[in-house]
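The file final20.txt contains compact mmCIF, C-alpha atoms and all ligand atoms:
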```
# COMPACT_ATOMS: atom_id res chain seq x y z
CA MET A 1 -2.90 -1.64 3.10
CA SER A 2 -5.31 -1.08 5.98
CA VAL A 3 -7.72 -3.69 7.22
CA LEU A 4 -11.26 -2.39 7.73
CA ILE A 5 -13.82 -4.49 9.57
CA GLY A 6 -17.52 -3.62 9.67
CA LEU A 7 -19.99 -5.29 12.04
CA GLY A 8 -23.78 -4.84 11.68
CA LYS A 9 -25.59 -2.67 9.20
CA ALA A 10 -23.87 0.63 9.94
CA GLY A 11 -20.41 -0.94 10.14
CA CYS A 12 -20.85 -2.91 6.92
CA GLU A 13 -22.29 -0.01 4.92
CA ILE A 14 -19.42 2.21 5.96
CA VAL A 15 -16.69 -0.32 5.24
CA LYS A 16 -18.19 -1.12 1.82
CA GLY A 17 -17.97 2.57 0.88
CA PHE A 18 -14.19 2.79 1.28
CA SER A 19 -11.92 2.71 -1.73
CA ASP A 20 -10.60 -0.65 -2.84
CA SER A 21 -7.09 0.12 -1.67
CA HIS A 22 -8.14 -1.37 1.69
CA LYS A 23 -8.79 -4.91 2.79
CA LYS A 24 -12.50 -4.88 3.66
CA ILE A 25 -14.22 -7.39 5.92
CA THR A 26 -17.96 -7.13 6.50
CA ILE A 27 -19.78 -9.17 9.12
CA ASP A 28 -23.54 -9.05 9.53
CA ALA A 29 -26.35 -11.17 10.89
CA GLY A 30 -28.05 -13.32 8.29
CA SER A 31 -24.96 -13.52 6.09
CA GLU A 32 -21.58 -14.09 7.77
CA LEU A 33 -23.21 -14.73 11.14
CA PRO A 34 -26.46 -16.51 11.97
CA GLU A 35 -29.39 -14.29 12.91
CA PHE A 36 -30.34 -14.57 16.58
CA THR A 37 -33.34 -12.98 18.27
CA SER A 38 -31.57 -12.05 21.47
CA PRO A 39 -28.34 -10.03 21.65
CA GLU A 40 -26.95 -12.35 24.38
CA ASP A 41 -26.96 -15.18 21.86
CA TYR A 42 -24.35 -13.33 19.78
CA ASP A 43 -22.12 -13.35 22.80
CA GLN A 44 -22.76 -16.95 23.80
CA LYS A 45 -23.88 -19.08 20.88
CA LEU A 46 -21.53 -18.17 18.06
CA THR A 47 -19.57 -21.07 16.67
CA ASN A 48 -17.26 -21.38 13.76
CA TYR A 49 -16.56 -17.73 13.08
CA ARG A 50 -12.78 -17.68 13.42
CA HIS A 51 -12.23 -17.72 9.66
CA LEU A 52 -13.99 -14.34 9.36
CA LEU A 53 -11.07 -12.48 10.85
CA GLU A 54 -7.98 -13.99 9.35
CA PHE A 55 -5.47 -11.43 8.12
CA ASP A 56 -1.74 -10.88 8.48
CA GLU A 57 -1.65 -7.11 8.95
CA ASP A 58 -1.01 -6.04 12.53
CA GLU A 59 -3.39 -3.08 12.63
CA CYS A 60 -7.09 -2.78 11.83
CA PHE A 61 -10.09 -0.46 12.05
CA PHE A 62 -13.32 -1.90 13.44
CA PHE A 63 -16.56 -0.03 12.65
CA VAL A 64 -19.67 -0.74 14.73
CA CYS A 65 -22.82 0.87 16.09
CA GLY A 66 -23.62 -0.45 19.55
CA ALA A 67 -27.40 -0.16 19.18
CA GLY A 68 -27.64 -3.17 16.87
CA LYS A 69 -28.21 -6.62 18.34
CA VAL A 70 -25.40 -8.08 16.30
CA SER A 71 -22.98 -5.64 17.93
CA ALA A 72 -23.15 -7.97 20.94
CA ALA A 73 -20.82 -10.21 18.91
CA SER A 74 -18.11 -7.52 19.11
CA LEU A 75 -16.26 -8.89 22.10
CA ARG A 76 -16.15 -12.43 20.67
CA LEU A 77 -14.78 -11.04 17.42
CA LEU A 78 -12.31 -8.71 19.08
CA GLU A 79 -10.95 -11.62 21.11
CA LEU A 80 -9.84 -13.19 17.86
CA ILE A 81 -7.67 -10.21 17.04
CA HIS A 82 -6.47 -9.27 20.52
CA ASP A 83 -2.86 -9.42 19.38
CA LYS A 84 -3.47 -6.74 16.72
CA LYS A 85 -3.58 -2.99 17.10
CA VAL A 86 -7.35 -2.47 16.99
CA ASN A 87 -8.84 0.97 16.41
CA LEU A 88 -12.57 0.90 17.09
CA ILE A 89 -14.83 3.41 15.39
CA TYR A 90 -18.00 3.74 17.42
CA ILE A 91 -21.01 5.04 15.53
CA TYR A 92 -23.14 6.78 18.15
CA PRO A 93 -26.79 6.39 17.05
CA GLU A 94 -29.58 8.96 17.17
CA GLU A 95 -30.92 8.08 20.60
CA ILE A 96 -34.32 9.53 19.93
CA MET A 97 -34.95 6.94 17.19
CA LEU A 98 -33.96 3.92 19.27
CA SER A 99 -36.23 1.37 20.89
CA PRO A 100 -35.70 0.89 24.66
CA THR A 101 -33.76 -2.33 23.96
CA GLN A 102 -31.52 -0.61 21.42
CA ARG A 103 -30.96 2.29 23.79
CA LYS A 104 -29.84 -0.09 26.49
CA LEU A 105 -27.58 -2.00 24.13
CA ASN A 106 -25.98 1.21 22.99
CA ARG A 107 -25.34 2.48 26.50
CA VAL A 108 -23.81 -0.77 27.64
CA ALA A 109 -21.65 -1.13 24.52
CA PHE A 110 -20.52 2.49 24.66
CA ASN A 111 -19.30 2.04 28.24
CA VAL A 112 -17.79 -1.39 27.80
CA PHE A 113 -15.80 -0.32 24.75
CA GLN A 114 -14.49 2.74 26.57
CA GLU A 115 -13.35 0.60 29.49
CA TYR A 116 -11.68 -1.81 27.07
CA THR A 117 -9.99 1.09 25.38
CA ARG A 118 -8.80 2.70 28.58
CA SER A 119 -7.33 -0.57 29.77
CA GLY A 120 -5.32 -0.78 26.55
CA LEU A 121 -7.13 -3.78 25.05
CA LEU A 122 -8.05 -1.53 22.15
CA ASN A 123 -5.47 0.82 20.70
CA SER A 124 -8.02 3.60 20.30
CA MET A 125 -11.73 4.33 20.15
CA TYR A 126 -12.91 7.00 17.73
CA LEU A 127 -16.37 8.40 18.44
CA MET A 128 -18.63 9.40 15.57
CA CYS A 129 -22.04 10.78 16.47
CA ASN A 130 -24.75 10.40 13.82
CA GLU A 131 -26.62 13.41 15.14
CA SER A 132 -23.61 15.75 15.17
CA ILE A 133 -22.61 14.72 11.68
CA THR A 134 -26.16 15.07 10.35
CA SER A 135 -26.34 18.60 11.70
CA MET A 136 -23.44 19.65 9.49
CA LEU A 137 -24.69 18.07 6.29
CA PRO A 138 -26.80 20.02 3.85
CA TYR A 139 -29.69 18.50 1.88
CA ILE A 140 -30.57 15.63 4.17
CA THR A 141 -33.73 13.67 3.49
CA ILE A 142 -35.01 10.49 5.08
CA ASP A 143 -34.05 8.69 1.95
CA ASN A 144 -30.43 9.82 1.71
CA LEU A 145 -29.57 10.30 5.39
CA TYR A 146 -27.38 7.24 5.91
CA GLU A 147 -25.79 7.50 2.50
CA HIS A 148 -24.60 11.04 3.29
CA LEU A 149 -23.69 10.23 6.87
CA ASN A 150 -21.60 7.27 5.79
CA GLU A 151 -19.93 9.29 3.06
CA ALA A 152 -18.85 11.86 5.67
CA ILE A 153 -17.47 9.18 7.98
CA ILE A 154 -15.70 7.38 5.13
CA ASN A 155 -14.13 10.62 3.93
CA VAL A 156 -12.70 11.38 7.33
CA PHE A 157 -11.09 8.00 7.78
CA GLU A 158 -9.85 7.65 4.21
CA ASN A 159 -7.97 10.89 4.85
CA ILE A 160 -6.84 10.24 8.39
CA ILE A 161 -5.56 6.76 7.56
CA PHE A 162 -3.79 8.09 4.49
CA TYR A 163 -2.12 11.09 6.12
CA LEU A 164 -1.07 9.25 9.26
CA HIS A 165 1.01 7.03 7.01
CA GLN A 166 2.59 9.89 5.03
CA GLU A 167 5.69 11.88 5.83
CA PRO A 168 4.61 15.48 6.57
CA VAL A 169 6.22 18.48 4.87
CA MET A 170 6.46 20.15 8.25
CA GLY A 171 6.08 18.97 11.83
CA ALA A 172 6.24 15.49 13.26
CA HIS A 173 3.41 13.05 13.77
CA HIS A 174 1.73 13.48 17.12
CA GLU A 175 2.70 10.94 19.74
CA PRO A 176 -0.24 10.84 22.10
CA LYS A 177 0.19 9.85 25.70
CA ASP A 178 -0.43 6.20 26.29
CA VAL A 179 -3.68 6.95 28.13
CA SER A 180 -5.17 9.19 25.42
CA ARG A 181 -7.10 6.53 23.57
CA ILE A 182 -10.60 7.98 23.31
CA ARG A 183 -10.83 10.25 20.31
CA THR A 184 -12.90 12.12 17.81
CA ILE A 185 -12.23 14.18 14.73
CA GLU A 186 -12.84 17.81 13.93
CA TYR A 187 -12.87 19.20 10.42
CA GLY A 188 -12.39 22.83 9.51
CA ASP A 189 -10.81 25.34 7.19
CA PHE A 190 -8.45 28.22 7.91
CA ASP A 191 -10.57 31.10 6.75
CA SER A 192 -13.81 30.71 8.60
CA ASP A 193 -14.29 29.77 12.21
CA LYS A 194 -16.62 26.99 11.20
CA LYS A 195 -15.63 23.78 12.92
CA LYS A 196 -17.27 20.47 12.49
CA LEU A 197 -16.90 18.16 15.41
CA TYR A 198 -17.89 14.57 14.74
CA TYR A 199 -18.67 13.87 18.38
CA PRO A 200 -18.99 16.42 21.21
CA LEU A 201 -15.97 15.15 23.12
CA ASP A 202 -15.73 16.21 26.79
CA ASN A 203 -12.38 17.12 28.31
CA THR A 204 -10.03 17.13 25.34
CA THR A 205 -6.49 16.69 26.64
CA GLU A 206 -4.54 16.53 23.39
CA THR A 207 -5.04 17.59 19.79
CA CYS A 208 -3.19 16.77 16.63
CA TYR A 209 -3.87 19.11 13.72
CA ILE A 210 -3.41 17.57 10.32
CA ASN A 211 -3.24 20.58 8.01
CA ILE A 212 -3.75 19.93 4.35
CA VAL A 213 -2.54 23.00 2.53
CA SER A 214 -3.03 23.90 -1.09
CA ASP A 215 -0.05 24.50 -3.32
CA ASP A 216 -0.98 28.16 -3.69
CA GLU A 217 -1.17 28.77 0.05
CA MET A 218 2.05 26.85 0.59
CA LYS A 219 3.81 29.37 -1.62
CA ASN A 220 1.94 32.59 -1.01
CA ASN A 221 0.21 32.67 2.37
CA LYS A 222 2.61 34.52 4.66
CA GLU A 223 0.25 34.37 7.63
CA LEU A 224 -0.45 30.68 7.63
CA LEU A 225 2.46 29.39 9.68
CA SER A 226 1.87 31.81 12.51
CA GLN A 227 -1.84 31.04 12.31
CA LEU A 228 -1.10 27.35 12.76
CA LYS A 229 1.27 28.00 15.64
CA GLN A 230 -1.27 30.29 17.27
CA LYS A 231 -3.70 27.41 17.61
CA ILE A 232 -1.12 25.36 19.46
CA THR A 233 -0.41 28.23 21.84
CA GLU A 234 -4.12 28.73 22.51
CA ASP A 235 -4.55 25.02 23.23
CA ASN A 236 -1.57 24.99 25.55
CA GLU A 237 -3.11 27.82 27.52
CA LYS A 238 -6.13 25.56 28.02
CA GLN A 239 -3.83 22.74 29.18
CA ILE A 240 -4.36 20.88 25.90
CA LEU A 241 -1.20 19.29 24.54
CA SER A 242 -1.28 19.99 20.83
CA SER A 243 0.91 19.61 17.80
CA PHE A 244 0.54 20.01 14.07
CA VAL A 245 1.72 18.55 10.82
CA VAL A 246 1.46 20.04 7.36
CA PHE A 247 0.81 18.18 4.14
CA LYS A 248 0.68 19.55 0.65
CA SER A 249 -2.63 18.90 -1.00
CA ASP A 250 -3.81 18.60 -4.55
CA TYR A 251 -7.04 20.36 -3.63
CA GLU A 252 -7.60 24.01 -4.34
CA LEU A 253 -8.72 24.77 -0.81
CA SER A 254 -6.78 24.20 2.36
CA PHE A 255 -8.39 22.48 5.33
CA TYR A 256 -7.54 20.52 8.42
CA TYR A 257 -8.56 17.50 10.39
CA ALA A 258 -7.91 17.62 14.10
CA ILE A 259 -7.76 14.43 16.09
CA ARG A 260 -8.97 15.26 19.57
CA PHE A 261 -7.84 12.94 22.33
CA THR A 262 -8.92 12.31 25.89
CA HIS A 263 -8.59 9.67 28.57
CA PHE A 264 -11.81 10.75 30.29
CA LEU A 265 -14.78 8.44 30.03
CA GLN A 266 -17.46 10.01 27.89
CA THR A 267 -20.98 9.87 29.20
CA ARG A 268 -23.87 9.83 26.83
CA TRP A 269 -23.79 13.27 25.35
CA SER A 270 -27.44 13.98 26.07
CA MET A 271 -27.03 12.95 29.70
CA ILE A 272 -27.48 15.53 32.44
CA LYS A 273 -24.29 16.27 34.27
CA ILE A 274 -23.95 18.67 37.18
CA ASN A 275 -20.51 19.36 38.57
CA GLY A 276 -19.30 16.09 37.07
CA ILE A 277 -22.15 14.12 38.67
CA ILE A 278 -24.43 12.21 36.33
CA LEU A 279 -28.20 12.34 36.66
CA PRO A 280 -30.71 10.32 34.67
CA GLU A 281 -32.40 12.17 31.85
CA ASN A 282 -35.83 11.96 33.49
CA THR A 283 -34.68 13.30 36.85
CA GLY A 284 -37.10 15.41 38.89
CA ALA A 285 -34.40 16.60 41.30
CA ILE A 286 -34.55 20.32 42.03
CA LYS A 287 -31.46 22.36 41.30
CA LEU A 288 -30.62 25.58 43.14
CA GLU A 289 -30.51 28.67 40.97
CA PRO A 290 -28.55 30.46 39.63
CA SER A 291 -26.95 27.21 38.59
CA SER A 292 -23.91 28.87 37.04
CA LEU A 293 -23.00 30.07 40.54
CA LEU A 294 -24.27 27.21 42.69
CA ASP A 295 -23.65 24.03 40.67
CA LYS A 296 -20.19 23.71 42.08
CA ALA A 297 -21.67 23.07 45.53
CA VAL A 298 -23.35 19.86 44.33
CA VAL A 299 -21.56 16.94 45.96
CA LYS A 300 -23.82 13.96 45.40
CA TYR A 301 -26.92 12.66 43.65
CA ASP A 302 -29.19 10.38 45.67
CA LYS A 303 -30.57 7.92 43.16
CA GLU A 304 -33.24 6.40 45.44
CA LYS A 305 -34.79 9.71 46.44
CA ASP A 306 -33.91 11.44 43.16
CA ILE A 307 -32.51 14.51 44.89
CA LEU A 308 -29.25 16.43 44.91
CA HIS A 309 -26.96 16.97 47.88
CA TYR A 310 -25.25 20.34 48.29
CA SER A 311 -22.30 21.18 50.49
CA VAL A 312 -23.29 24.01 52.83
CA GLU A 313 -19.71 25.16 53.15
CA VAL A 314 -19.34 25.57 49.40
CA LEU A 315 -22.77 27.21 49.12
CA ILE A 316 -21.74 29.85 51.66
CA GLU A 317 -18.59 30.48 49.63
CA CYS A 318 -20.68 30.82 46.47
CA PHE A 319 -22.94 33.42 48.09
CA GLN A 320 -19.88 35.32 49.25
CA GLU A 321 -18.47 35.12 45.77
CA ASP A 322 -21.70 36.79 44.68
CA GLY A 323 -20.99 39.77 46.96
CA MET A 324 -22.53 38.84 50.31
CA THR A 325 -20.59 39.01 53.55
CA TYR A 326 -20.14 35.80 55.52
CA GLU A 327 -23.03 36.70 57.86
CA GLU A 328 -25.32 37.71 55.00
CA ALA A 329 -24.53 34.45 53.26
CA TRP A 330 -25.58 32.43 56.30
CA ASP A 331 -28.76 34.49 56.74
CA TRP A 332 -29.65 34.03 53.11
CA PHE A 333 -28.97 30.32 53.31
CA SER A 334 -31.04 29.78 56.48
CA TYR A 335 -34.01 31.98 55.62
CA ASN A 336 -34.28 31.49 51.89
CA THR A 337 -32.43 28.46 50.66
CA VAL A 338 -33.29 26.01 53.43
CA ARG A 339 -36.87 27.09 54.05
CA THR A 340 -37.92 26.75 50.43
CA GLY A 341 -37.54 23.03 51.08
CA ASP A 342 -40.70 23.14 53.22
CA TYR A 343 -42.76 23.80 50.13
CA VAL A 344 -40.94 22.09 47.31
CA LYS A 345 -40.75 18.38 46.56
CA GLN A 346 -37.41 16.74 45.66
CA TYR A 347 -35.63 19.74 47.10
CA PRO A 348 -31.90 19.22 47.80
CA GLU A 349 -30.45 17.96 51.04
CA PHE A 350 -27.74 20.08 52.65
CA ILE A 351 -24.57 18.50 53.94
CA TYR A 352 -22.71 20.22 56.75
CA GLU A 353 -18.99 19.65 57.00
CA GLU A 354 -18.00 18.01 60.24
CA ASP A 355 -14.71 19.03 61.67
N1 LIG A 401 -23.93 6.07 10.30
C1 LIG A 401 -24.81 5.08 10.10
N2 LIG A 401 -25.59 4.64 11.10
C2 LIG A 401 -26.46 3.65 10.85
C3 LIG A 401 -26.60 3.07 9.57
N3 LIG A 401 -27.57 2.12 9.64
C4 LIG A 401 -27.96 2.08 10.91
N4 LIG A 401 -27.31 3.01 11.65
C5 LIG A 401 -27.45 3.26 13.09
O1 LIG A 401 -27.20 2.04 13.76
C6 LIG A 401 -28.26 1.69 14.62
C7 LIG A 401 -28.42 0.19 14.64
O2 LIG A 401 -28.56 -0.27 13.31
P1 LIG A 401 -29.48 -1.50 12.91
O3 LIG A 401 -29.56 -1.57 11.45
O4 LIG A 401 -30.76 -1.34 13.66
O5 LIG A 401 -28.70 -2.71 13.56
P2 LIG A 401 -27.58 -3.73 13.11
O6 LIG A 401 -26.24 -3.14 13.43
O7 LIG A 401 -27.74 -4.27 11.72
O8 LIG A 401 -27.91 -4.88 14.16
P3 LIG A 401 -29.23 -5.83 14.26
O9 LIG A 401 -30.07 -5.26 15.36
O10 LIG A 401 -28.66 -7.15 14.65
O11 LIG A 401 -29.89 -5.82 12.93
C8 LIG A 401 -29.45 2.44 14.06
O12 LIG A 401 -30.34 2.75 15.09
C9 LIG A 401 -28.84 3.69 13.47
O13 LIG A 401 -28.73 4.70 14.46
C10 LIG A 401 -25.79 3.56 8.51
O14 LIG A 401 -25.83 3.12 7.36
N5 LIG A 401 -24.91 4.56 8.85
MG MG A 402 -29.22 -5.67 10.99
```

Written as structure tokens, that's how I'd like the structure from this file.
Amino acid sequence: MSVLIGLGKAGCEIVKGFSDSHKKITIDAGSELPEFTSPEDYDQKLTNYRHLLEFDEDECFFFVCGAGKVSAASLRLLELIHDKKVNLIYIYPEEIMLSPTQRKLNRVAFNVFQEYTRSGLLNSMYLMCNESITSMLPYITIDNLYEHLNEAIINVFENIIFYLHQEPVMGAHHEPKDVSRIRTIEYGDFDSDKKKLYYPLDNTTETCYINIVSDDEMKNNKELLSQLKQKITEDNEKQILSSFVVFKSDYELSFYYAIRFTHFLQTRWSMIKINGIILPENTGAIKLEPSSLLDKAVVKYDKEKDILHYSVEVLIECFQEDGMTYEEAWDWFSYNTVRTGDYVKQYPEFIYEED
């Protein structure tokens, strides 16, 4: 039996939707917890809540959306179960619909949980993005949005939890590296190239394909095994450590869930990132074009001035890569690139390498 814990509205709704074969614990403001006006109060003023999280099982799944005020109680609650294997499922909200306070709460929680996860305090953190999931659901209305979203999330975890505890027909369960604790799920079938990624994870380092194959395909599809192996080979070429398991399904159609792993911190997915450097969404910093060629010369973002810094050395290399000679590259840089700065505000600063 798996223990499922839901905190806040999203967490509780999701946990309630699971089948009754699980132990379900829901915690929300105004029922299990008092209702506070400030999120800090959930971190500081909670008393007498220990009884909420009493269970013997040594593993649990904790569902929460960090935009809710009550999510600020997460760390207090997680402290109570620090000796358990905790898998956190982070519901990433639709940023565009959040108030400034909620947006801030979400950003802080998202980062704090990732740091907790990376340091091993949480066994894993699964990312589920409301917006990504909505985009793959048909027939969404304002009225049924969360019902459908939650159904999709519940489906994924009912299956993942089930299959991770089953003995596969072929393959061995993936043993991720100890650092690969940040995760998301992809869903797909074998016939079409349609993939549904539940969060746009950056820098996947490992993948575990859980293939759920129909009886008919088990017996008659001669291509399937090489198709499955092919995926692993392709991943390996991209330096992604992958493996697969096969289960026989009772469904008529075959499909797979892929658990994608990484140890890289995820930044907000709508954040602007140039050459690994993060800029605020409302930045006015000028970027040199063509960016596909020149982005790799960005070395720093100056927050105070809201401008980018470019390495001159790398820029010269980029121009050469584009077909100029070394002299032409310098001429171009001095006469075009640098001088444009006389007319344009928030133009980059150029950093010369000192030997
Ligand atoms: N997937 C999913 N997301 C939800 C659901 N309900 C809310 N959310 C998301 O979670 C965010 C926060 O939810 P709220 O209901 O505002 O907050 P809460 O978790 O109850 O916390 P409080 O602010 O203390 O009420 C919302 O902005 C939504 O993006 C749900 O049923 N399913
Ligand atoms: Mg609420």

Problem set entry | Atomic separation - atom CA of A:Lys23 relative to atom CA of A:Cys208, Å |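 These atoms are spaced 26.3 Å apart.
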
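Distances from A:Glu158, A:Glu94, A:Asp342, A:Glu35 to A:Phe61 were compared using only C-alpha atoms, and the smallest one belongs to A:Glu158.
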
Around the point (-23.1, 28.7, 44.9) (coordinates from the file), which residues reach within 10 Å if we count only C-alpha atoms? Answer as a JSON list (two decimals) with C-alpha atoms, keeping the file's coordinate frame.
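Result saved to part-v8.json:
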```json
[["chain", "number", "residue", "atom", "x", "y", "z"],
["A", 288, "LEU", "CA", -30.62, 25.58, 43.14],
["A", 289, "GLU", "CA", -30.51, 28.67, 40.97],
["A", 290, "PRO", "CA", -28.55, 30.46, 39.63],
["A", 291, "SER", "CA", -26.95, 27.21, 38.59],
["A", 292, "SER", "CA", -23.91, 28.87, 37.04],
["A", 293, "LEU", "CA", -23.00, 30.07, 40.54],
["A", 294, "LEU", "CA", -24.27, 27.21, 42.69],
["A", 295, "ASP", "CA", -23.65, 24.03, 40.67],
["A", 296, "LYS", "CA", -20.19, 23.71, 42.08],
["A", 297, "ALA", "CA", -21.67, 23.07, 45.53],
["A", 298, "VAL", "CA", -23.35, 19.86, 44.33],
["A", 310, "TYR", "CA", -25.25, 20.34, 48.29],
["A", 311, "SER", "CA", -22.30, 21.18, 50.49],
["A", 312, "VAL", "CA", -23.29, 24.01, 52.83],
["A", 313, "GLU", "CA", -19.71, 25.16, 53.15],
["A", 314, "VAL", "CA", -19.34, 25.57, 49.40],
["A", 315, "LEU", "CA", -22.77, 27.21, 49.12],
["A", 316, "ILE", "CA", -21.74, 29.85, 51.66],
["A", 317, "GLU", "CA", -18.59, 30.48, 49.63],
["A", 318, "CYS", "CA", -20.68, 30.82, 46.47],
["A", 319, "PHE", "CA", -22.94, 33.42, 48.09],
["A", 320, "GLN", "CA", -19.88, 35.32, 49.25],
["A", 321, "GLU", "CA", -18.47, 35.12, 45.77],
["A", 322, "ASP", "CA", -21.70, 36.79, 44.68]]
```

Exercise. Do you have the atom CA of A:Gly6-atom CA of A:Glu186 distance handy?
Worked result: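 Separation of atom CA of A:Gly6 and atom CA of A:Glu186: 22.3 Å.
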
Tell me which protein, DNA and RNA residues are within 12 Å of A:Asn155, counting all atoms listed in the file, leaving out same-chain ones fewer than 3 positions away, and put them as a compact mmCIF listing (two decimals) with C-alpha atoms, in the coordinates of the input.
```txt
# COMPACT_ATOMS: atom_id res chain seq x y z
CA ILE A 14 -19.42 2.21 5.96
CA VAL A 15 -16.69 -0.32 5.24
CA GLY A 17 -17.97 2.57 0.88
CA PHE A 18 -14.19 2.79 1.28
CA SER A 19 -11.92 2.71 -1.73
CA HIS A 148 -24.60 11.04 3.29
CA LEU A 149 -23.69 10.23 6.87
CA ASN A 150 -21.60 7.27 5.79
CA GLU A 151 -19.93 9.29 3.06
CA ALA A 152 -18.85 11.86 5.67
CA GLU A 158 -9.85 7.65 4.21
CA ASN A 159 -7.97 10.89 4.85
CA ILE A 160 -6.84 10.24 8.39
CA ILE A 161 -5.56 6.76 7.56
CA PHE A 162 -3.79 8.09 4.49
CA ILE A 185 -12.23 14.18 14.73
CA TYR A 187 -12.87 19.20 10.42
CA TYR A 257 -8.56 17.50 10.39
```

Exercise. So which residues touch A:Val245 within 9 Å, counting only C-alpha atoms, skipping near sequence neighbours fewer than 2 positions away, as a list in words?
Worked result: Pro168, Val169, Met170, Gly171, Ala172, His173, His174, Cys208, Tyr209, Ile210, Asn211, Ile212, Ser243 and Phe247 of chain A

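Of the listed residues (A:Gln102, A:Asn87, A:Thr47, A:Gln114), A:Gln102 comes nearest to ligand MG 402 (chain A); the distances count only C-alpha atoms and all ligand atoms.
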
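Closest to ligand MG 402 (chain A) among A:Gly68, A:Gly11, A:Pro138, A:Pro348 is A:Gly68, based on all atoms listed in the file.
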
Exercise. Do you know which residues are within 6 Å of ligand LIG 401 (chain A) using all atoms listed in the file? Can you write them as a list in words?
Worked result: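 Result of the 6 Å neighbour search around ligand LIG 401 (chain A): Gly8, Lys9, Ala10, Glu13, Ala29, Cys65, Ala67, Gly68, Lys69, Val70, Pro93, Glu94, Leu98, Asn130, Tyr146, Leu149 and Asn150 of chain A.
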
Problem set entry | Of the listed residues A:Ser71, A:Thr267, A:Leu224, A:Cys60, that which approaches ligand MG 402 (chain A) most closely, counting only C-alpha atoms and all ligand atoms |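 Of all the options, A:Ser71 lies closest to ligand MG 402 (chain A).
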
For this session: Determine the nearest neighbour of A:Arg260 from the options A:Thr205, A:Asn275, A:Thr117, A:Asn282, counting all atoms listed in the file.
Result: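 Of the candidates, the smallest distance to A:Arg260 is held by A:Thr205.
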
For this session: May I have the residues within 6 Å of A:Tyr198 as a list in words, using only C-alpha atoms and disregarding those fewer than 6 positions away in the same chain?
Result: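 Those residues are Met128, Cys129, Ser132, Ile133 and Ile185 of chain A.
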
Could you take the residues named above and write them with C-alpha atoms, as a PDB file, keeping the file's coordinate frame?
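Final file, selection_2.pdb:
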```pdb
ATOM      1  CA  MET A 128     -18.630   9.400  15.570  1.00  0.00           C
ATOM      2  CA  CYS A 129     -22.040  10.780  16.470  1.00  0.00           C
ATOM      3  CA  SER A 132     -23.610  15.750  15.170  1.00  0.00           C
ATOM      4  CA  ILE A 133     -22.610  14.720  11.680  1.00  0.00           C
ATOM      5  CA  ILE A 185     -12.230  14.180  14.730  1.00  0.00           C
TER       6      ILE A 185
END
```

Exercise. Which residues, written as a count of residues only, have at least one atom at most 12 Å from A:Asp215, with all atoms listed in the file counted and residues fewer than 6 positions away on the same chain left out?
Worked result: 11

Exercise. Interatomic distance between atom CA of A:Asn123 and atom CA of A:Ile232?
Worked result: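 Atom-to-atom, atom CA of A:Asn123 and atom CA of A:Ile232 are spaced 25.0 Å apart.
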
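Every protein or nucleic acid residue with an atom no more than 10 Å from A:Asp191, counting only C-alpha atoms and leaving out same-chain residues fewer than 3 positions away, appears here: Gly188, Lys194, Ser254 and Phe255 of chain A.
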
Starting from 4 Å padding per side, set up an axis-aligned box that covers all listed atoms of stretch 186-190 of chain A and hand over centre and edge lengths in Å, one decimal, as AutoDock Vina command-line options.
```
--center_x -10.7 --center_y 23.0 --center_z 10.6 --size_x 12.4 --size_y 18.4 --size_z 14.7
```

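Nearest to A:Asp56 of all the residues A:Ile182, A:Val213, A:Met1, A:Leu7 is A:Met1, based on all atoms listed in the file.
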
For this session: Within 8 Å of (-13.6, 3.0, 16.3) (coordinates as in the file), grab all the protein and nucleic acid residues, counting only C-alpha atoms, and write them out as a list in words.
Result: Phe61, Phe62, Phe63, Val64, Asn87, Leu88, Ile89, Tyr90, Ile91, Ser124, Met125, Tyr126 and Leu127 of chain A

Take the residues just selected and output them with C-alpha atoms as a CSV table (one decimal), in the frame of the given file.
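Result file is out.csv:
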```csv
chain,number,residue,atom,x,y,z
A,61,PHE,CA,-10.1,-0.5,12.0
A,62,PHE,CA,-13.3,-1.9,13.4
A,63,PHE,CA,-16.6,0.0,12.6
A,64,VAL,CA,-19.7,-0.7,14.7
A,87,ASN,CA,-8.8,1.0,16.4
A,88,LEU,CA,-12.6,0.9,17.1
A,89,ILE,CA,-14.8,3.4,15.4
A,90,TYR,CA,-18.0,3.7,17.4
A,91,ILE,CA,-21.0,5.0,15.5
A,124,SER,CA,-8.0,3.6,20.3
A,125,MET,CA,-11.7,4.3,20.2
A,126,TYR,CA,-12.9,7.0,17.7
A,127,LEU,CA,-16.4,8.4,18.4
```
